[in-house]
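Student: For reference, this is my_file05.cif, and it has mmCIF, C-alpha atoms.
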```cif
data_my_file
loop_
_atom_site.label_atom_id
_atom_site.label_comp_id
_atom_site.auth_asym_id
_atom_site.auth_seq_id
_atom_site.Cartn_x
_atom_site.Cartn_y
_atom_site.Cartn_z
CA ASP A 20 160.63 200.32 -2.80
CA ALA A 21 162.91 198.81 -0.21
CA GLY A 22 163.86 195.23 -0.81
CA VAL A 23 164.29 192.58 1.83
CA ILE A 24 166.12 194.07 4.79
CA GLN A 25 168.42 192.02 6.97
CA SER A 26 170.28 193.00 10.11
CA PRO A 27 172.96 192.95 11.15
CA ARG A 28 175.00 192.73 7.96
CA HIS A 29 177.94 191.33 9.84
CA GLU A 30 178.09 189.55 13.17
CA VAL A 31 181.14 188.28 14.99
CA THR A 32 180.57 186.35 18.17
CA GLU A 33 182.20 183.79 20.38
CA MET A 34 181.28 180.17 20.65
CA GLY A 35 178.45 179.61 23.08
CA GLN A 36 176.85 183.01 22.62
CA GLU A 37 173.31 183.54 21.40
CA VAL A 38 172.93 185.05 17.95
CA THR A 39 169.78 186.62 16.54
CA LEU A 40 169.43 187.47 12.88
CA ARG A 41 166.59 189.67 11.71
CA CYS A 42 164.65 190.00 8.50
CA LYS A 43 162.03 192.37 7.19
CA PRO A 44 160.37 191.01 4.05
CA ILE A 45 159.06 193.09 1.20
CA SER A 46 155.74 194.65 2.12
CA GLY A 47 152.84 192.58 0.84
CA HIS A 48 154.80 189.37 0.51
CA ASN A 49 153.34 186.46 2.43
CA SER A 50 156.12 183.89 2.21
CA LEU A 51 159.48 184.12 3.89
CA PHE A 52 162.51 181.87 3.56
CA TRP A 53 165.77 181.51 5.51
CA TYR A 54 168.83 180.14 3.69
CA ARG A 55 172.41 179.48 4.75
CA GLN A 56 175.37 179.61 2.37
CA THR A 57 178.81 178.11 2.93
CA MET A 58 181.60 177.15 0.57
CA MET A 59 181.28 173.50 1.50
CA ARG A 60 177.50 173.09 1.36
CA GLY A 61 176.40 175.87 -0.96
CA LEU A 62 172.97 177.44 -0.46
CA GLU A 63 170.68 175.48 1.85
CA LEU A 64 167.07 176.20 2.72
CA LEU A 65 166.64 176.18 6.50
CA ILE A 66 162.96 177.00 6.95
CA TYR A 67 160.12 178.79 5.26
CA PHE A 68 156.93 180.45 6.39
CA ASN A 69 153.68 181.09 4.60
CA ASN A 70 151.30 183.62 6.14
CA ASN A 71 153.52 183.66 9.26
CA VAL A 72 153.18 179.90 9.77
CA PRO A 73 156.23 177.63 9.50
CA ILE A 74 155.58 175.23 6.63
CA ASP A 75 158.82 173.29 6.35
CA ASP A 76 161.65 173.36 8.86
CA SER A 77 163.32 170.16 7.72
CA GLY A 78 166.43 172.11 6.80
CA MET A 79 167.03 173.45 10.30
CA PRO A 80 170.28 171.74 11.32
CA GLU A 81 169.49 171.05 14.95
CA ASP A 82 167.70 172.25 18.04
CA ARG A 83 170.17 175.08 18.50
CA PHE A 84 168.43 176.83 15.58
CA SER A 85 165.00 178.36 15.90
CA ALA A 86 163.00 180.75 13.72
CA LYS A 87 159.95 182.85 14.39
CA MET A 88 157.67 185.08 12.40
CA PRO A 89 155.48 186.99 14.86
CA ASN A 90 153.92 189.12 12.12
CA ALA A 91 153.97 189.65 8.38
CA SER A 92 156.78 192.21 8.51
CA PHE A 93 159.36 190.58 10.76
CA SER A 94 161.19 187.31 11.25
CA THR A 95 164.11 186.16 13.37
CA LEU A 96 166.54 183.28 13.15
CA LYS A 97 168.18 182.47 16.45
CA ILE A 98 171.16 180.27 17.18
CA GLN A 99 171.71 179.31 20.80
CA PRO A 100 174.40 178.35 21.62
CA SER A 101 176.43 179.24 18.56
CA GLU A 102 179.33 177.09 17.34
CA PRO A 103 182.18 177.82 14.91
CA ARG A 104 180.59 175.54 12.29
CA ASP A 105 177.62 177.92 12.17
CA SER A 106 179.82 180.49 10.46
CA ALA A 107 178.16 181.26 7.14
CA VAL A 108 176.17 183.85 5.25
CA TYR A 109 172.50 183.72 6.15
CA PHE A 110 170.01 184.97 3.59
CA CYS A 111 166.39 185.84 4.03
CA ALA A 112 164.08 185.87 1.00
CA SER A 113 160.43 186.70 0.51
CA SER A 114 157.83 186.12 -2.15
CA PHE A 115 154.17 186.73 -2.82
CA GLY A 116 152.22 183.48 -2.89
CA GLY A 117 154.79 180.94 -1.80
CA GLY A 118 154.25 178.76 -4.84
CA ALA A 119 156.87 177.12 -7.00
CA THR A 120 156.51 179.74 -9.71
CA ASP A 121 156.75 182.76 -7.44
CA THR A 122 159.91 184.82 -7.63
CA GLN A 123 161.88 184.95 -4.43
CA TYR A 124 163.60 188.22 -3.55
CA PHE A 125 166.71 187.83 -1.46
CA GLY A 126 168.15 190.19 1.09
CA PRO A 127 171.82 191.17 1.22
CA GLY A 128 172.60 188.51 3.80
CA THR A 129 174.16 188.45 7.25
CA ARG A 130 177.73 187.23 7.44
CA LEU A 131 178.10 185.37 10.72
CA THR A 132 181.47 184.48 12.17
CA VAL A 133 181.60 182.36 15.31
CA LEU A 134 185.04 182.29 16.92
CA LEU B 281 162.69 167.46 -6.23
CA ALA B 282 164.71 166.64 -9.32
CA LYS B 283 168.47 166.95 -8.97
CA THR B 284 170.20 169.33 -11.36
CA THR B 285 173.64 169.04 -12.92
CA GLN B 286 175.43 171.97 -14.50
CA PRO B 287 179.06 172.81 -15.32
CA ILE B 288 181.10 174.06 -12.41
CA SER B 289 182.60 176.93 -14.37
CA MET B 290 182.65 178.61 -17.77
CA ASP B 291 184.76 181.32 -19.34
CA SER B 292 183.65 183.79 -21.95
CA TYR B 293 184.61 187.11 -23.51
CA GLU B 294 182.70 190.32 -23.68
CA GLY B 295 180.18 190.46 -26.49
CA GLN B 296 179.83 186.71 -26.85
CA GLU B 297 176.67 184.70 -26.36
CA VAL B 298 176.89 182.32 -23.43
CA ASN B 299 174.85 179.14 -23.13
CA ILE B 300 174.73 177.27 -19.84
CA THR B 301 173.11 173.86 -19.98
CA CYS B 302 171.51 172.19 -17.00
CA SER B 303 170.56 168.53 -16.79
CA HIS B 304 167.48 167.48 -14.78
CA ASN B 305 166.71 163.92 -15.84
CA ASN B 306 164.17 163.27 -13.07
CA ILE B 307 162.03 166.33 -13.63
CA ALA B 308 158.37 165.70 -12.85
CA THR B 309 155.36 166.70 -14.89
CA ASN B 310 154.46 169.71 -12.76
CA ASP B 311 157.98 170.99 -12.14
CA TYR B 312 159.24 174.32 -13.46
CA ILE B 313 162.79 175.31 -14.36
CA THR B 314 164.11 178.47 -12.77
CA TRP B 315 167.46 180.24 -13.01
CA TYR B 316 168.97 182.57 -10.44
CA GLN B 317 172.09 184.73 -10.62
CA GLN B 318 174.34 185.54 -7.69
CA PHE B 319 177.04 188.19 -7.52
CA PRO B 320 179.70 188.08 -4.80
CA SER B 321 178.45 189.35 -1.44
CA GLN B 322 174.84 189.52 -2.66
CA GLY B 323 171.81 187.31 -2.47
CA PRO B 324 170.64 185.37 -5.53
CA ARG B 325 168.49 187.21 -8.04
CA PHE B 326 165.79 185.71 -10.26
CA ILE B 327 166.64 185.64 -13.96
CA ILE B 328 164.07 183.56 -15.80
CA GLN B 329 161.63 180.71 -15.42
CA GLY B 330 160.00 178.33 -17.85
CA TYR B 331 158.04 175.12 -18.24
CA LYS B 332 158.57 174.13 -21.86
CA THR B 333 159.81 175.36 -25.24
CA LYS B 334 161.29 178.85 -25.09
CA VAL B 335 160.98 181.81 -22.76
CA THR B 336 162.62 185.17 -23.35
CA ASN B 337 162.85 188.29 -21.22
CA GLU B 338 164.96 191.41 -21.30
CA VAL B 339 168.09 189.72 -19.96
CA ALA B 340 168.05 186.07 -21.07
CA SER B 341 166.38 183.24 -22.94
CA LEU B 342 165.57 179.80 -21.66
CA PHE B 343 165.35 176.86 -24.03
CA ILE B 344 163.62 173.67 -22.90
CA PRO B 345 163.41 170.66 -25.24
CA ALA B 346 160.30 168.55 -25.49
CA ASP B 347 161.50 165.87 -23.06
CA ARG B 348 162.35 168.59 -20.48
CA LYS B 349 165.32 166.59 -19.20
CA SER B 350 167.61 169.53 -19.75
CA SER B 351 167.44 173.26 -20.25
CA THR B 352 169.76 175.95 -21.56
CA LEU B 353 170.12 179.46 -20.25
CA SER B 354 171.27 181.81 -22.99
CA LEU B 355 172.84 185.17 -22.20
CA PRO B 356 173.24 187.32 -25.32
CA ARG B 357 176.30 189.52 -25.69
CA VAL B 358 177.67 189.19 -22.16
CA SER B 359 179.57 191.98 -20.45
CA LEU B 360 182.02 191.99 -17.56
CA SER B 361 179.11 192.66 -15.22
CA ASP B 362 177.61 189.27 -16.06
CA THR B 363 180.42 187.57 -14.16
CA ALA B 364 178.51 185.68 -11.47
CA VAL B 365 177.32 182.27 -10.34
CA TYR B 366 174.26 180.97 -12.16
CA TYR B 367 171.98 178.43 -10.50
CA CYS B 368 169.58 176.12 -12.26
CA LEU B 369 166.70 174.98 -10.10
CA VAL B 370 163.75 172.67 -10.53
CA THR B 371 160.78 173.96 -8.59
CA ALA B 372 157.85 171.74 -7.78
CA VAL B 373 154.31 173.05 -7.65
CA ASN B 374 153.52 171.00 -4.57
CA GLN B 375 156.58 172.16 -2.62
CA GLY B 376 155.28 175.57 -1.68
CA GLY B 377 158.07 177.58 -3.23
CA LYS B 378 160.89 175.49 -1.81
CA LEU B 379 164.12 176.13 -3.71
CA ILE B 380 166.90 173.56 -3.77
CA PHE B 381 170.12 175.13 -5.00
CA GLY B 382 172.84 173.06 -6.63
CA GLN B 383 176.46 174.05 -6.94
CA GLY B 384 175.85 176.53 -9.73
CA THR B 385 177.99 177.55 -12.68
CA GLU B 386 180.62 180.19 -12.08
CA LEU B 387 180.73 182.32 -15.22
CA SER B 388 183.79 184.46 -15.78
CA VAL B 389 183.58 187.10 -18.51
CA LYS B 390 186.89 188.47 -19.69
CA PRO B 391 187.59 191.65 -21.63
#
```
Take the structure I supplied and represent it as structure tokens, if you would.
Tutor:
Amino acid sequence: DAGVIQSPRHEVTEMGQEVTLRCKPISGHNSLFWYRQTMMRGLELLIYFNNNVPIDDSGMPEDRFSAKMPNASFSTLKIQPSEPRDSAVYFCASSFGGGATDTQYFGPGTRLTVL
Amino acid sequence: LAKTTQPISMDSYEGQEVNITCSHNNIATNDYITWYQQFPSQGPRFIIQGYKTKVTNEVASLFIPADRKSSTLSLPRVSLSDTAVYYCLVTAVNQGGKLIFGQGTELSVKP
């Protein structure tokens, strides 16, 4: 079975441009999580969805970041406008249930570089 | 969520048993302890989870004392491929699966 799929794997853009990261969770999973990883801040949870509904977006850094989950098999994380400090690896993860004991399966990540 | 404290780094040699201890003094009654492993350029991967006493699976064991203020991940007979960052997390039942990652322990296995 395919795991969590993220695209693109690498993205290089210039400051001020819009960036859209995409995620396809594992089929049948009903919870989806977006994380950001940097050397300085480690792995941070940005937002998570349960049954396509955003449950907690307290980790979203600011209004430039937005996330959507229009259906159970697709989610996007958008940054508009992008800034150099947004450079990081962005991971998407999914799980079945969304509870504390449910295993989260992570995608390979998107490495974003904002020049 | 309870904060976790674990060593920044550890070194080991192939074939040795490695024990990584995590401190979580403020763990709540309903919290679970979960460990994830991350290789360079990959997303974290679930290793093991437990609530109390001892849990064992095909790759690791997790020891949790009665007071649950700490836990120890045990990796038997490590190999070079176990070189990775290991994260200890406390997961709360009422947090809907929210994971708070600490700094992790960077394990280096040498030949």
Student: If I take atom CA of B:Glu297 and atom CA of B:Lys334, how far is one from the other in Å, to one decimal?
Tutor: 16.5 Å
Student: Go through B:Ser350, B:Gln329, B:Asn337, B:Thr385 and flag the residue nearest chain A, using only C-alpha atoms for the distances.
Tutor: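 That would be B:Gln329, the residue with the smallest distance to chain A.
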Student: Please identify all polymer residues within 6 Å of A:Pro44, counting only C-alpha atoms, omitting same-chain residues fewer than 3 positions from it, and present them as a VMD selection string.
Tutor: chain A and resid 23 92 113
Student: Using all atoms listed in the file, find the one residue out of B:Gly384, B:Pro356, B:Gly323, B:Gly330 that sits nearest to B:Cys302.
Tutor: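 The closest residue to B:Cys302 is B:Gly384.
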Student: With the file shown as input, list the residues that the PyMOL selection byres ((chain A) within 9 of (chain B)) selects, as a list in words.
Tutor: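 Output from the PyMOL selection byres ((chain A) within 9 of (chain B)), applied to this file: Ser50, Phe52, Arg60, Gly61, Leu62, Glu63, Leu64, Tyr67, Asn69, Ile74, Asp75, Val108, Phe110, Cys111, Ala112, Ser114, Gly116, Gly117, Gly118, Ala119, Thr120, Asp121, Thr122, Gln123, Tyr124, Phe125, Gly126, Pro127 and Gly128 of chain A.
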Student: Check which residues satisfy the PyMOL selection byres ((chain B and resi 351) around 7) in the file shown, then give them as a list of chain:residue names.
Tutor: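 Given this file, the PyMOL selection byres ((chain B and resi 351) around 7) evaluates to B:Thr301, B:Cys302, B:Ser303, B:Leu342, B:Phe343, B:Ile344, B:Pro345, B:Arg348, B:Ser350, B:Thr352, B:Leu353.
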Student: Taking the file as shown, find all residues satisfying the PyMOL selection byres ((chain B and resi 299) around 6) and write them as a PyMOL selection string.
Tutor: chain B and resi 298+300+353-354
Student: May I have the residues within 8 Å of B:Val365 as a list in words, using only C-alpha atoms and disregarding those fewer than 3 positions away in the same chain?
Tutor: Gln317, Gln318, Phe319, Gly384, Thr385, Glu386 and Leu387 of chain B
Student: I'd like to know which of B:Pro391, B:Asp362, B:Cys368, B:Thr333 is closest to B:Ala282, using only C-alpha atoms.
Tutor: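 Nearest candidate to B:Ala282 out of B:Pro391, B:Asp362, B:Cys368, B:Thr333: B:Cys368.
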Student: When you draw a straight line from atom CA of B:His304 to atom CA of B:Ser359, how long is it in Å?
Tutor: 27.9 Å
Student: I'd like the neighbourhood of B:Val358 as JSON, numbers by chain, where a residue qualifies if any of its atoms comes within 6 Å (using only C-alpha atoms), though same-chain residues fewer than 4 positions away should be ignored.
Tutor: {"B": [294, 295, 296]}
Student: Could you give me, as a ChimeraX atom specification, the residues within 10 Å of A:Arg104, counting only C-alpha atoms and dropping anything in the same chain fewer than 3 positions from it?
Tutor: /A:34,57,101,107,132-134
Student: Extract, using all atoms listed in the file, all DNA, RNA and protein residues at most 10 Å from A:Ser94, discarding same-chain residues fewer than 2 positions from it, and format them as a list of chain:residue names.
Tutor: A:Gln25, A:Leu40, A:Arg41, A:Cys42, A:Lys43, A:Pro44, A:Leu51, A:Phe52, A:Trp53, A:Phe68, A:Asn71, A:Ala86, A:Lys87, A:Met88, A:Pro89, A:Asn90, A:Ala91, A:Ser92, A:Leu96, A:Lys97, A:Cys111
Student: Any idea what the distance is between atom CA of A:Ser106 and atom CA of B:Ile288?
Tutor: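 Result for atom CA of A:Ser106 versus atom CA of B:Ile288: 23.8 Å, one decimal.
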Student: Select, from A:Gly47, A:Gly78, A:Pro100, A:Pro73, the residue with the minimum atom-to-atom distance to A:Gly22, counting only C-alpha atoms.
Tutor: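 Among the listed residues, A:Gly47 lies closest to A:Gly22.
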Student: Kindly output stretch 89-124 of chain A as a CSV table (one decimal), in the frame of the given file, after building N, CA and C atoms.
Tutor:
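Output below, filename selection_30.csv:
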```csv
chain,number,residue,atom,x,y,z
A,89,PRO,N,156.6,186.5,14.0
A,89,PRO,CA,155.5,187.0,14.9
A,89,PRO,C,154.5,187.8,14.1
A,90,ASN,N,154.9,188.4,13.0
A,90,ASN,CA,153.9,189.1,12.1
A,90,ASN,C,154.4,189.1,10.7
A,91,ALA,N,153.7,189.7,9.8
A,91,ALA,CA,154.0,189.6,8.4
A,91,ALA,C,155.2,190.5,8.0
A,92,SER,N,155.7,191.3,8.9
A,92,SER,CA,156.8,192.2,8.5
A,92,SER,C,158.1,191.9,9.3
A,93,PHE,N,158.2,190.8,10.0
A,93,PHE,CA,159.4,190.6,10.8
A,93,PHE,C,159.6,189.1,11.0
A,94,SER,N,160.8,188.7,10.9
A,94,SER,CA,161.2,187.3,11.2
A,94,SER,C,162.6,187.3,11.9
A,95,THR,N,162.8,186.3,12.7
A,95,THR,CA,164.1,186.2,13.4
A,95,THR,C,164.6,184.7,13.2
A,96,LEU,N,165.9,184.6,13.1
A,96,LEU,CA,166.5,183.3,13.2
A,96,LEU,C,167.5,183.3,14.3
A,97,LYS,N,167.4,182.4,15.2
A,97,LYS,CA,168.2,182.5,16.4
A,97,LYS,C,169.0,181.2,16.5
A,98,ILE,N,170.3,181.4,17.0
A,98,ILE,CA,171.2,180.3,17.2
A,98,ILE,C,171.6,180.4,18.6
A,99,GLN,N,171.4,179.3,19.4
A,99,GLN,CA,171.7,179.3,20.8
A,99,GLN,C,172.0,177.9,21.3
A,100,PRO,N,173.2,177.6,21.7
A,100,PRO,CA,174.4,178.4,21.6
A,100,PRO,C,175.1,178.2,20.3
A,101,SER,N,175.8,179.3,19.9
A,101,SER,CA,176.4,179.2,18.6
A,101,SER,C,177.7,178.4,18.6
A,102,GLU,N,178.1,177.9,17.5
A,102,GLU,CA,179.3,177.1,17.3
A,102,GLU,C,180.1,177.6,16.1
A,103,PRO,N,181.4,177.4,16.1
A,103,PRO,CA,182.2,177.8,14.9
A,103,PRO,C,181.6,177.3,13.6
A,104,ARG,N,181.1,176.1,13.5
A,104,ARG,CA,180.6,175.5,12.3
A,104,ARG,C,179.3,176.2,11.8
A,105,ASP,N,178.8,177.1,12.6
A,105,ASP,CA,177.6,177.9,12.2
A,105,ASP,C,178.0,179.1,11.3
A,106,SER,N,179.3,179.4,11.3
A,106,SER,CA,179.8,180.5,10.5
A,106,SER,C,179.4,180.3,9.0
A,107,ALA,N,178.7,181.3,8.5
A,107,ALA,CA,178.2,181.3,7.1
A,107,ALA,C,177.5,182.6,6.8
A,108,VAL,N,177.0,182.7,5.6
A,108,VAL,CA,176.2,183.8,5.2
A,108,VAL,C,174.7,183.4,5.3
A,109,TYR,N,173.9,184.1,6.0
A,109,TYR,CA,172.5,183.7,6.2
A,109,TYR,C,171.7,184.7,5.3
A,110,PHE,N,170.9,184.1,4.4
A,110,PHE,CA,170.0,185.0,3.6
A,110,PHE,C,168.6,184.8,4.0
A,111,CYS,N,167.8,185.9,3.9
A,111,CYS,CA,166.4,185.8,4.0
A,111,CYS,C,165.8,186.2,2.7
A,112,ALA,N,164.7,185.6,2.3
A,112,ALA,CA,164.1,185.9,1.0
A,112,ALA,C,162.6,185.9,1.2
A,113,SER,N,161.9,186.7,0.4
A,113,SER,CA,160.4,186.7,0.5
A,113,SER,C,159.8,186.6,-0.9
A,114,SER,N,158.6,186.2,-0.9
A,114,SER,CA,157.8,186.1,-2.2
A,114,SER,C,156.4,186.3,-1.9
A,115,PHE,N,155.6,186.6,-3.0
A,115,PHE,CA,154.2,186.7,-2.8
A,115,PHE,C,153.6,185.4,-3.4
A,116,GLY,N,152.9,184.7,-2.5
A,116,GLY,CA,152.2,183.5,-2.9
A,116,GLY,C,152.8,182.2,-2.3
A,117,GLY,N,154.2,182.1,-2.4
A,117,GLY,CA,154.8,180.9,-1.8
A,117,GLY,C,154.7,179.7,-2.7
A,118,GLY,N,154.3,179.9,-3.9
A,118,GLY,CA,154.2,178.8,-4.8
A,118,GLY,C,155.5,178.6,-5.6
A,119,ALA,N,155.6,177.5,-6.3
A,119,ALA,CA,156.9,177.1,-7.0
A,119,ALA,C,157.2,178.1,-8.1
A,120,THR,N,156.2,178.8,-8.6
A,120,THR,CA,156.5,179.7,-9.7
A,120,THR,C,156.7,181.2,-9.2
A,121,ASP,N,156.6,181.4,-7.9
A,121,ASP,CA,156.8,182.8,-7.4
A,121,ASP,C,158.2,183.1,-7.3
A,122,THR,N,158.5,184.3,-7.7
A,122,THR,CA,159.9,184.8,-7.6
A,122,THR,C,160.3,185.1,-6.2
A,123,GLN,N,161.4,184.6,-5.8
A,123,GLN,CA,161.9,185.0,-4.4
A,123,GLN,C,162.9,186.1,-4.5
A,124,TYR,N,162.7,187.1,-3.6
A,124,TYR,CA,163.6,188.2,-3.6
A,124,TYR,C,164.5,188.1,-2.3
```
